[in-house]
Amino acid sequence: MPSQPAYLRVKEQLLRDLSDLSASASWPTESGLQERYQVSRPTISKALTALVAEGVLARVPGRRGFVVVRPSQETPQPLRIGHVAVVNTSGPSALFQLQQYVGQGVRVAAERQGYRVVSAASGQSITGERAAVDDLLAAGVQGLVISSIPRSFEEQDTDYLIHEDLGVPVVVTGMVPQGNPHTAVIFDNRQLCYDVTSWLMVQGHRRIGILTRTTESYHLPLRERLRGYEDAHRDLSLPLDPALVLTLPPTVEQWDRNACLHTTLELLLDRWLALPERPTALIALEDLVAIELIELLQQRGIRVPEEITVFGFDNLEIGRHFQPAFPTTQPDFQRMGELACNVLLSGIASGELPPRTYVLPVPLLLRGTPP
């Protein structure tokens, strides 16, 4: 059974003990509370922080104690939900841009219903994601929208999202972990890549390369894209050539243009071009990788799209004015955030949030192609 975080159990006990604690000669120190409840100092600190955030306690200026607050009905505390955003630890990136759109959607939907949003950044690790979740819970949020990161298969054994009860309703978006027990909002990447592959086939392409990620981690969107790619080949009776499916290593970050990404894509592109029958179309991971591939092809004297068509994903800002223009996809990340927030708030209001997956369609954006 999922376990409730220790600080939430202590918080509930503190609520029950408030009259006793406030009646004492002085508010116990954190060390005294640690001894009373037999838990760690960080657990006590998080429980107290959560009660302050909810307006139950207030810190006494210049002292290390607290007082019990009785907020007036005329000035109710604002209701809050949390959004955990996936951002690159090295700074703003393409992924950061997409998460900003999700966050905008969450805020728009929350403000319509009188909530405000508290955000926390997770970095690129499950540890950072969990720390961001703990910070938001300590701030007293009533629910969470978590834009999760891919998990390795080893991490799934101890994944807090799967094995722990966070004590509030949760909606997960994007890269949902395998075995996710929470409500989720995702894009229909399988149908999307089926549409991309089918469109390329209708344009006359019979050798279509696709770039994916390593199988060492569970990356739901790219797994679904590969299934859609395979489905299209089967339905249109085209043979699948494993040599056309290449993998970006786990150590290479796809969301930033850097030397490591550039060098890796050079090696992968050389493998495609060295095939006895090279591809005439390439499906990239997203627009930034598509741009890198186009530039590498041009450096080799290969005309794009006349000789090789490159297809991107996500309609990133960096690709909107790039020349030559290339086809991509147009997922509505703000709509994803709005839907996730609306579902979450409905669950908060009703007291029930059954696990369900909401799947959003994604249209193609066929820029740079004949009408």
# chains A, B, ... in the order shown; residues from 1 in each chain; ligands from 1
>>> select_by_dssp(residues="range 75-305 of chain A", states="strand (DSSP E or B)", output="VMD selection string")
chain A and resid 79 to 85 115 to 121 144 to 148 151 to 152 164 170 to 174 183 to 187 208 to 213 217 to 218 245 to 248 281 to 283
>>> residues_around(residues="Glu129 in chain A", least_positions_apart="3", cutoff="12 Å", atoms="only C-alpha atoms", output="mmCIF file with C-alpha atoms, in the first residue's frame")
data_model
loop_
_atom_site.group_PDB
_atom_site.id
_atom_site.type_symbol
_atom_site.label_atom_id
_atom_site.label_comp_id
_atom_site.auth_asym_id
_atom_site.auth_seq_id
_atom_site.Cartn_x
_atom_site.Cartn_y
_atom_site.Cartn_z
ATOM 1 C CA HIS A 83 2.682 22.719 -10.757
ATOM 2 C CA VAL A 84 5.973 20.841 -10.961
ATOM 3 C CA ALA A 85 7.722 21.968 -14.139
ATOM 4 C CA VAL A 86 10.507 20.079 -15.893
ATOM 5 C CA VAL A 87 13.283 22.558 -16.633
ATOM 6 C CA ASN A 88 16.852 22.071 -17.746
ATOM 7 C CA THR A 89 19.344 22.499 -14.934
ATOM 8 C CA SER A 119 5.341 26.375 -9.201
ATOM 9 C CA ALA A 120 8.512 24.436 -8.495
ATOM 10 C CA ALA A 121 11.311 23.346 -10.833
ATOM 11 C CA SER A 122 12.416 19.728 -10.868
ATOM 12 C CA GLY A 123 15.577 19.818 -12.945
ATOM 13 C CA GLN A 124 16.318 16.640 -14.875
ATOM 14 C CA SER A 125 16.253 13.973 -12.164
ATOM 15 C CA ILE A 126 13.621 12.047 -10.278
ATOM 16 C CA ALA A 132 9.970 19.952 -5.871
ATOM 17 C CA VAL A 133 6.862 17.964 -4.935
ATOM 18 C CA ASP A 134 7.868 18.006 -1.253
ATOM 19 C CA ASP A 135 8.380 21.783 -1.363
ATOM 20 C CA LEU A 136 4.909 22.315 -2.829
ATOM 21 C CA VAL A 145 -0.042 18.891 -11.639
ATOM 22 C CA ILE A 146 3.252 17.086 -12.227
ATOM 23 C CA SER A 147 5.012 17.271 -15.598
ATOM 24 C CA SER A 148 7.112 14.192 -14.984
ATOM 25 C CA ILE A 149 10.489 13.238 -16.421
ATOM 26 C CA PRO A 150 11.361 9.860 -17.990
ATOM 27 C CA ARG A 151 12.291 7.148 -15.470
ATOM 28 C CA ASP A 159 9.290 5.679 -7.811
ATOM 29 C CA TYR A 160 7.433 7.894 -5.342
ATOM 30 C CA LEU A 161 4.696 8.585 -7.933
#
>>> residues_around(residues="Asp195 in chain A", least_positions_apart="2", cutoff="8 Å", atoms="only C-alpha atoms", output="PyMOL selection string")
chain A and resi 191-193+197-199+228+232+364
>>> write_last_selection(atoms="all heavy atoms", output="short mmCIF file (atom, residue, chain, number, x, y, z; two decimals), in the first residue's frame")
data_model
loop_
_atom_site.label_atom_id
_atom_site.label_comp_id
_atom_site.auth_asym_id
_atom_site.auth_seq_id
_atom_site.Cartn_x
_atom_site.Cartn_y
_atom_site.Cartn_z
N GLN A 191 -0.81 7.94 -32.65
CA GLN A 191 -1.54 8.37 -33.83
C GLN A 191 -0.79 9.47 -34.57
O GLN A 191 -0.77 9.53 -35.80
CB GLN A 191 -2.93 8.86 -33.44
CG GLN A 191 -3.80 9.29 -34.62
CD GLN A 191 -4.10 8.14 -35.57
OE1 GLN A 191 -4.52 7.07 -35.13
NE2 GLN A 191 -3.85 8.33 -36.87
N LEU A 192 -0.13 10.33 -33.80
CA LEU A 192 0.62 11.44 -34.41
C LEU A 192 1.72 10.93 -35.33
O LEU A 192 1.85 11.37 -36.48
CB LEU A 192 1.21 12.32 -33.30
CG LEU A 192 2.09 13.48 -33.77
CD1 LEU A 192 1.36 14.40 -34.72
CD2 LEU A 192 2.62 14.25 -32.55
N CYS A 193 2.54 10.00 -34.83
CA CYS A 193 3.63 9.51 -35.66
C CYS A 193 3.11 8.62 -36.79
O CYS A 193 3.74 8.54 -37.85
CB CYS A 193 4.66 8.77 -34.81
SG CYS A 193 6.30 8.69 -35.60
N THR A 197 4.24 9.48 -40.54
CA THR A 197 4.80 8.45 -41.41
C THR A 197 3.93 8.25 -42.65
O THR A 197 4.42 8.14 -43.78
CB THR A 197 4.96 7.13 -40.64
OG1 THR A 197 5.67 7.36 -39.43
CG2 THR A 197 5.72 6.11 -41.47
N SER A 198 2.61 8.20 -42.43
CA SER A 198 1.69 8.02 -43.56
C SER A 198 1.78 9.19 -44.53
O SER A 198 1.76 8.99 -45.76
CB SER A 198 0.24 7.88 -43.04
OG SER A 198 0.12 6.77 -42.20
N TRP A 199 1.86 10.40 -44.01
CA TRP A 199 1.98 11.57 -44.89
C TRP A 199 3.25 11.49 -45.74
O TRP A 199 3.22 11.76 -46.94
CB TRP A 199 1.97 12.86 -44.07
CG TRP A 199 2.07 14.09 -44.92
CD1 TRP A 199 1.05 14.74 -45.55
CD2 TRP A 199 3.27 14.80 -45.26
NE1 TRP A 199 1.53 15.82 -46.26
CE2 TRP A 199 2.89 15.88 -46.10
CE3 TRP A 199 4.61 14.63 -44.94
CZ2 TRP A 199 3.81 16.79 -46.62
CZ3 TRP A 199 5.54 15.54 -45.46
CH2 TRP A 199 5.14 16.60 -46.28
N GLY A 228 3.60 4.01 -33.64
CA GLY A 228 2.86 4.60 -34.74
C GLY A 228 3.61 4.48 -36.06
O GLY A 228 3.00 4.20 -37.11
N ALA A 232 2.16 2.31 -39.30
CA ALA A 232 2.00 2.86 -40.65
C ALA A 232 2.68 1.99 -41.69
O ALA A 232 2.13 1.76 -42.78
CB ALA A 232 2.55 4.29 -40.70
N LEU A 364 -0.86 17.99 -37.69
CA LEU A 364 0.40 18.23 -38.40
C LEU A 364 0.45 19.69 -38.84
O LEU A 364 -0.58 20.32 -39.11
CB LEU A 364 0.51 17.32 -39.63
CG LEU A 364 0.40 15.81 -39.39
CD1 LEU A 364 0.67 15.07 -40.70
CD2 LEU A 364 1.32 15.34 -38.28
#
>>> closest_atom_pairs(of="range 153-234 of chain A", to="range 349-353 of chain A", cutoff="10 Å", atoms="only C-alpha atoms", output="tab-separated table")
residue	atom	partner	partner_atom	distance
A:Val168	CA	A:Gly351	CA	9.9
A:Pro169	CA	A:Leu353	CA	6.7
A:Val170	CA	A:Leu353	CA	8.1
A:Val171	CA	A:Leu353	CA	8.9
A:His182	CA	A:Leu353	CA	8.2
A:Thr183	CA	A:Leu353	CA	7.1
>>> write_last_selection(atoms="all heavy atoms", output="tab-separated table (two decimals), in the first residue's frame")
chain	number	residue	atom	x	y	z
A	168	VAL	N	-2.54	14.41	-1.51
A	168	VAL	CA	-3.39	15.35	-2.26
A	168	VAL	C	-3.67	14.76	-3.63
A	168	VAL	O	-2.92	13.89	-4.10
A	168	VAL	CB	-2.70	16.73	-2.41
A	168	VAL	CG1	-2.45	17.38	-1.05
A	168	VAL	CG2	-1.40	16.61	-3.21
A	169	PRO	N	-4.73	15.22	-4.32
A	169	PRO	CA	-4.97	14.74	-5.68
A	169	PRO	C	-3.82	15.12	-6.61
A	169	PRO	O	-3.22	16.19	-6.47
A	169	PRO	CB	-6.27	15.45	-6.08
A	169	PRO	CG	-6.91	15.86	-4.81
A	169	PRO	CD	-5.79	16.13	-3.85
A	170	VAL	N	-3.54	14.23	-7.57
A	170	VAL	CA	-2.40	14.42	-8.49
A	170	VAL	C	-2.86	14.16	-9.92
A	170	VAL	O	-3.57	13.19	-10.19
A	170	VAL	CB	-1.24	13.46	-8.14
A	170	VAL	CG1	-0.12	13.56	-9.17
A	170	VAL	CG2	-0.70	13.77	-6.75
A	171	VAL	N	-2.43	15.02	-10.84
A	171	VAL	CA	-2.58	14.78	-12.27
A	171	VAL	C	-1.19	14.86	-12.89
A	171	VAL	O	-0.45	15.81	-12.65
A	171	VAL	CB	-3.51	15.80	-12.95
A	171	VAL	CG1	-3.56	15.56	-14.45
A	171	VAL	CG2	-4.92	15.72	-12.36
A	182	HIS	N	-2.05	7.52	-11.18
A	182	HIS	CA	-2.77	8.79	-11.11
A	182	HIS	C	-3.46	9.12	-12.43
A	182	HIS	O	-3.14	8.56	-13.48
A	182	HIS	CB	-1.79	9.93	-10.75
A	182	HIS	CG	-1.02	9.69	-9.51
A	182	HIS	ND1	-1.57	9.81	-8.25
A	182	HIS	CD2	0.29	9.34	-9.32
A	182	HIS	CE1	-0.64	9.54	-7.34
A	182	HIS	NE2	0.48	9.26	-7.96
A	183	THR	N	-4.38	10.06	-12.37
A	183	THR	CA	-4.96	10.62	-13.59
A	183	THR	C	-3.85	11.24	-14.43
A	183	THR	O	-2.90	11.83	-13.89
A	183	THR	CB	-6.02	11.68	-13.23
A	183	THR	OG1	-7.07	11.04	-12.51
A	183	THR	CG2	-6.58	12.34	-14.46
>>> residues_around(residues="Ile294 in chain A", least_positions_apart="4", cutoff="9 Å", atoms="only C-alpha atoms", output="VMD selection string")
chain A and resid 289 to 290 298 to 299 302 to 305 308 to 310 324
>>> write_last_selection(atoms="all heavy atoms", output="PDB file, in the first residue's frame")
ATOM      1  N   VAL A 289      16.289  19.231 -32.955  1.00  0.00           N
ATOM      2  CA  VAL A 289      17.069  18.154 -33.572  1.00  0.00           C
ATOM      3  C   VAL A 289      16.878  18.167 -35.084  1.00  0.00           C
ATOM      4  O   VAL A 289      17.828  17.918 -35.841  1.00  0.00           O
ATOM      5  CB  VAL A 289      16.665  16.792 -32.980  1.00  0.00           C
ATOM      6  CG1 VAL A 289      17.336  15.646 -33.724  1.00  0.00           C
ATOM      7  CG2 VAL A 289      17.023  16.730 -31.494  1.00  0.00           C
ATOM      8  N   ALA A 290      15.675  18.502 -35.546  1.00  0.00           N
ATOM      9  CA  ALA A 290      15.432  18.604 -36.988  1.00  0.00           C
ATOM     10  C   ALA A 290      16.331  19.671 -37.607  1.00  0.00           C
ATOM     11  O   ALA A 290      16.917  19.468 -38.680  1.00  0.00           O
ATOM     12  CB  ALA A 290      13.959  18.929 -37.250  1.00  0.00           C
ATOM     13  N   GLN A 298      23.005  19.769 -45.173  1.00  0.00           N
ATOM     14  CA  GLN A 298      23.457  20.830 -46.076  1.00  0.00           C
ATOM     15  C   GLN A 298      24.978  20.893 -46.131  1.00  0.00           C
ATOM     16  O   GLN A 298      25.564  21.136 -47.195  1.00  0.00           O
ATOM     17  CB  GLN A 298      22.875  22.174 -45.633  1.00  0.00           C
ATOM     18  CG  GLN A 298      21.369  22.277 -45.843  1.00  0.00           C
ATOM     19  CD  GLN A 298      20.792  23.555 -45.275  1.00  0.00           C
ATOM     20  OE1 GLN A 298      21.254  24.069 -44.250  1.00  0.00           O
ATOM     21  NE2 GLN A 298      19.764  24.085 -45.926  1.00  0.00           N
ATOM     22  N   GLN A 299      25.634  20.664 -44.998  1.00  0.00           N
ATOM     23  CA  GLN A 299      27.100  20.655 -44.978  1.00  0.00           C
ATOM     24  C   GLN A 299      27.670  19.536 -45.847  1.00  0.00           C
ATOM     25  O   GLN A 299      28.788  19.634 -46.357  1.00  0.00           O
ATOM     26  CB  GLN A 299      27.605  20.502 -43.545  1.00  0.00           C
ATOM     27  CG  GLN A 299      27.367  21.714 -42.667  1.00  0.00           C
ATOM     28  CD  GLN A 299      27.653  21.449 -41.208  1.00  0.00           C
ATOM     29  OE1 GLN A 299      28.305  20.451 -40.852  1.00  0.00           O
ATOM     30  NE2 GLN A 299      27.179  22.320 -40.331  1.00  0.00           N
ATOM     31  N   ILE A 302      23.756  17.906 -49.385  1.00  0.00           N
ATOM     32  CA  ILE A 302      22.459  17.256 -49.642  1.00  0.00           C
ATOM     33  C   ILE A 302      21.355  18.298 -49.509  1.00  0.00           C
ATOM     34  O   ILE A 302      21.255  18.997 -48.496  1.00  0.00           O
ATOM     35  CB  ILE A 302      22.234  16.091 -48.667  1.00  0.00           C
ATOM     36  CG1 ILE A 302      23.306  15.023 -48.878  1.00  0.00           C
ATOM     37  CG2 ILE A 302      20.843  15.499 -48.849  1.00  0.00           C
ATOM     38  CD1 ILE A 302      23.289  13.928 -47.836  1.00  0.00           C
ATOM     39  N   ARG A 303      20.541  18.424 -50.530  1.00  0.00           N
ATOM     40  CA  ARG A 303      19.482  19.431 -50.548  1.00  0.00           C
ATOM     41  C   ARG A 303      18.268  18.967 -49.737  1.00  0.00           C
ATOM     42  O   ARG A 303      17.824  17.829 -49.867  1.00  0.00           O
ATOM     43  CB  ARG A 303      19.069  19.734 -51.991  1.00  0.00           C
ATOM     44  CG  ARG A 303      20.159  20.431 -52.813  1.00  0.00           C
ATOM     45  CD  ARG A 303      19.737  20.557 -54.261  1.00  0.00           C
ATOM     46  NE  ARG A 303      19.476  19.230 -54.843  1.00  0.00           N
ATOM     47  CZ  ARG A 303      18.534  19.001 -55.740  1.00  0.00           C
ATOM     48  NH1 ARG A 303      17.736  19.973 -56.163  1.00  0.00           N
ATOM     49  NH2 ARG A 303      18.366  17.773 -56.246  1.00  0.00           N
ATOM     50  N   VAL A 304      17.793  19.908 -48.923  1.00  0.00           N
ATOM     51  CA  VAL A 304      16.609  19.667 -48.086  1.00  0.00           C
ATOM     52  C   VAL A 304      15.537  20.684 -48.494  1.00  0.00           C
ATOM     53  O   VAL A 304      15.810  21.881 -48.529  1.00  0.00           O
ATOM     54  CB  VAL A 304      16.944  19.831 -46.589  1.00  0.00           C
ATOM     55  CG1 VAL A 304      15.701  19.630 -45.728  1.00  0.00           C
ATOM     56  CG2 VAL A 304      18.067  18.891 -46.162  1.00  0.00           C
ATOM     57  N   PRO A 305      14.353  20.242 -48.865  1.00  0.00           N
ATOM     58  CA  PRO A 305      13.801  18.874 -48.792  1.00  0.00           C
ATOM     59  C   PRO A 305      13.887  18.099 -50.098  1.00  0.00           C
ATOM     60  O   PRO A 305      13.311  17.011 -50.191  1.00  0.00           O
ATOM     61  CB  PRO A 305      12.346  19.141 -48.437  1.00  0.00           C
ATOM     62  CG  PRO A 305      12.030  20.410 -49.182  1.00  0.00           C
ATOM     63  CD  PRO A 305      13.296  21.236 -49.149  1.00  0.00           C
ATOM     64  N   ILE A 308      16.319  14.949 -49.248  1.00  0.00           N
ATOM     65  CA  ILE A 308      15.893  14.326 -47.989  1.00  0.00           C
ATOM     66  C   ILE A 308      14.978  15.307 -47.254  1.00  0.00           C
ATOM     67  O   ILE A 308      15.338  16.464 -47.026  1.00  0.00           O
ATOM     68  CB  ILE A 308      17.088  13.946 -47.092  1.00  0.00           C
ATOM     69  CG1 ILE A 308      17.930  12.850 -47.749  1.00  0.00           C
ATOM     70  CG2 ILE A 308      16.592  13.477 -45.718  1.00  0.00           C
ATOM     71  CD1 ILE A 308      19.092  12.368 -46.904  1.00  0.00           C
ATOM     72  N   THR A 309      13.791  14.837 -46.898  1.00  0.00           N
ATOM     73  CA  THR A 309      12.846  15.629 -46.102  1.00  0.00           C
ATOM     74  C   THR A 309      13.085  15.345 -44.631  1.00  0.00           C
ATOM     75  O   THR A 309      13.268  14.185 -44.234  1.00  0.00           O
ATOM     76  CB  THR A 309      11.398  15.265 -46.475  1.00  0.00           C
ATOM     77  OG1 THR A 309      11.161  15.641 -47.833  1.00  0.00           O
ATOM     78  CG2 THR A 309      10.403  15.976 -45.574  1.00  0.00           C
ATOM     79  N   VAL A 310      13.101  16.393 -43.811  1.00  0.00           N
ATOM     80  CA  VAL A 310      13.254  16.236 -42.363  1.00  0.00           C
ATOM     81  C   VAL A 310      11.971  16.713 -41.689  1.00  0.00           C
ATOM     82  O   VAL A 310      11.490  17.816 -41.960  1.00  0.00           O
ATOM     83  CB  VAL A 310      14.462  17.029 -41.837  1.00  0.00           C
ATOM     84  CG1 VAL A 310      14.564  16.886 -40.309  1.00  0.00           C
ATOM     85  CG2 VAL A 310      15.752  16.554 -42.509  1.00  0.00           C
ATOM     86  N   PRO A 324      15.753  26.205 -44.671  1.00  0.00           N
ATOM     87  CA  PRO A 324      14.435  26.012 -45.278  1.00  0.00           C
ATOM     88  C   PRO A 324      13.387  25.584 -44.251  1.00  0.00           C
ATOM     89  O   PRO A 324      13.696  24.877 -43.296  1.00  0.00           O
ATOM     90  CB  PRO A 324      14.692  24.899 -46.284  1.00  0.00           C
ATOM     91  CG  PRO A 324      15.797  24.097 -45.672  1.00  0.00           C
ATOM     92  CD  PRO A 324      16.691  25.105 -45.010  1.00  0.00           C
TER      93      PRO A 324
END
>>> residues_around(residues="Leu339 in chain A", least_positions_apart="4", cutoff="8 Å", atoms="only C-alpha atoms", output="list in words")
Gly105, Val106, Ala109, Val185, Arg335 and Val343 of chain A
>>> atom_distance(atom1="CA of Ile210 in chain A", atom2="CA of Gly337 in chain A")
28.3 Å
>>> residues_around(residues="Trp272 in chain A", least_positions_apart="5", cutoff="8 Å", atoms="only C-alpha atoms", output="ChimeraX atom specification")
/A:209,243-244,278-279
>>> residues_around(residues="Ser45 in chain A", least_positions_apart="2", cutoff="10 Å", atoms="only C-alpha atoms", output="list in words")
Tyr7, Lys11, Glu30, Leu33, Gln34, Ser40, Arg41, Pro42, Thr43, Ala47, Leu48, Thr49, Ala50 and Ala138 of chain A
>>> write_last_selection(atoms="N, CA, C and O atoms", output="short mmCIF file (atom, residue, chain, number, x, y, z; two decimals), in the first residue's frame")
data_model
loop_
_atom_site.label_atom_id
_atom_site.label_comp_id
_atom_site.auth_asym_id
_atom_site.auth_seq_id
_atom_site.Cartn_x
_atom_site.Cartn_y
_atom_site.Cartn_z
N TYR A 7 5.83 13.82 7.11
CA TYR A 7 5.52 15.16 7.58
C TYR A 7 4.01 15.43 7.57
O TYR A 7 3.50 16.22 8.39
N LYS A 11 1.94 16.63 10.65
CA LYS A 11 1.07 17.81 10.52
C LYS A 11 -0.31 17.53 11.10
O LYS A 11 -0.88 18.36 11.84
N GLU A 30 11.84 23.07 17.74
CA GLU A 30 11.77 21.98 16.78
C GLU A 30 12.39 20.71 17.36
O GLU A 30 11.94 19.60 17.09
N LEU A 33 9.76 19.20 19.54
CA LEU A 33 8.75 18.53 18.74
C LEU A 33 9.29 17.24 18.13
O LEU A 33 8.57 16.25 18.00
N GLN A 34 10.56 17.28 17.75
CA GLN A 34 11.20 16.07 17.19
C GLN A 34 11.17 14.94 18.21
O GLN A 34 10.86 13.78 17.89
N SER A 40 12.34 13.03 12.36
CA SER A 40 13.53 13.83 12.08
C SER A 40 13.21 15.32 12.12
O SER A 40 12.05 15.74 11.99
N ARG A 41 14.27 16.14 12.26
CA ARG A 41 14.11 17.59 12.24
C ARG A 41 13.52 18.09 10.92
O ARG A 41 12.61 18.93 10.93
N PRO A 42 13.98 17.60 9.73
CA PRO A 42 13.38 18.06 8.47
C PRO A 42 11.88 17.76 8.39
O PRO A 42 11.11 18.54 7.84
N THR A 43 11.46 16.62 8.98
CA THR A 43 10.03 16.27 8.96
C THR A 43 9.23 17.27 9.78
O THR A 43 8.16 17.74 9.35
N ALA A 47 6.37 19.98 8.35
CA ALA A 47 5.01 19.99 8.92
C ALA A 47 4.64 21.39 9.40
O ALA A 47 3.54 21.89 9.15
N LEU A 48 5.58 22.07 10.06
CA LEU A 48 5.32 23.43 10.53
C LEU A 48 5.17 24.39 9.36
O LEU A 48 4.30 25.27 9.38
N THR A 49 6.01 24.24 8.34
CA THR A 49 5.92 25.11 7.16
C THR A 49 4.57 24.96 6.49
O THR A 49 3.96 25.93 6.03
N ALA A 50 4.06 23.72 6.40
CA ALA A 50 2.76 23.48 5.79
C ALA A 50 1.65 24.18 6.59
O ALA A 50 0.73 24.78 6.02
N ALA A 138 4.76 21.08 1.28
CA ALA A 138 5.06 21.84 2.49
C ALA A 138 4.44 23.24 2.43
O ALA A 138 4.15 23.84 3.47
#
>>> select_by_dssp(residues="range 99-306 of chain A", states="alpha helix (DSSP H)", output="MDAnalysis selection string")
chainID A and resid 99:112 126:138 160:163 189:202 220:235 259:273 287:299
>>> closest_residue(among="A:Arg9, A:Ser152, A:Leu166, A:Glu111", to="Arg130 in chain A", atoms="only C-alpha atoms")
A:Leu166
>>> closest_residue(among="A:Val56, A:Ala110, A:Leu211, A:Leu8", to="Leu79 in chain A", atoms="only C-alpha atoms")
A:Ala110
>>> closest_residue(among="A:Pro331, A:Gly167, A:Gly319, A:Gly347", to="Arg367 in chain A", atoms="only C-alpha atoms")
A:Gly319
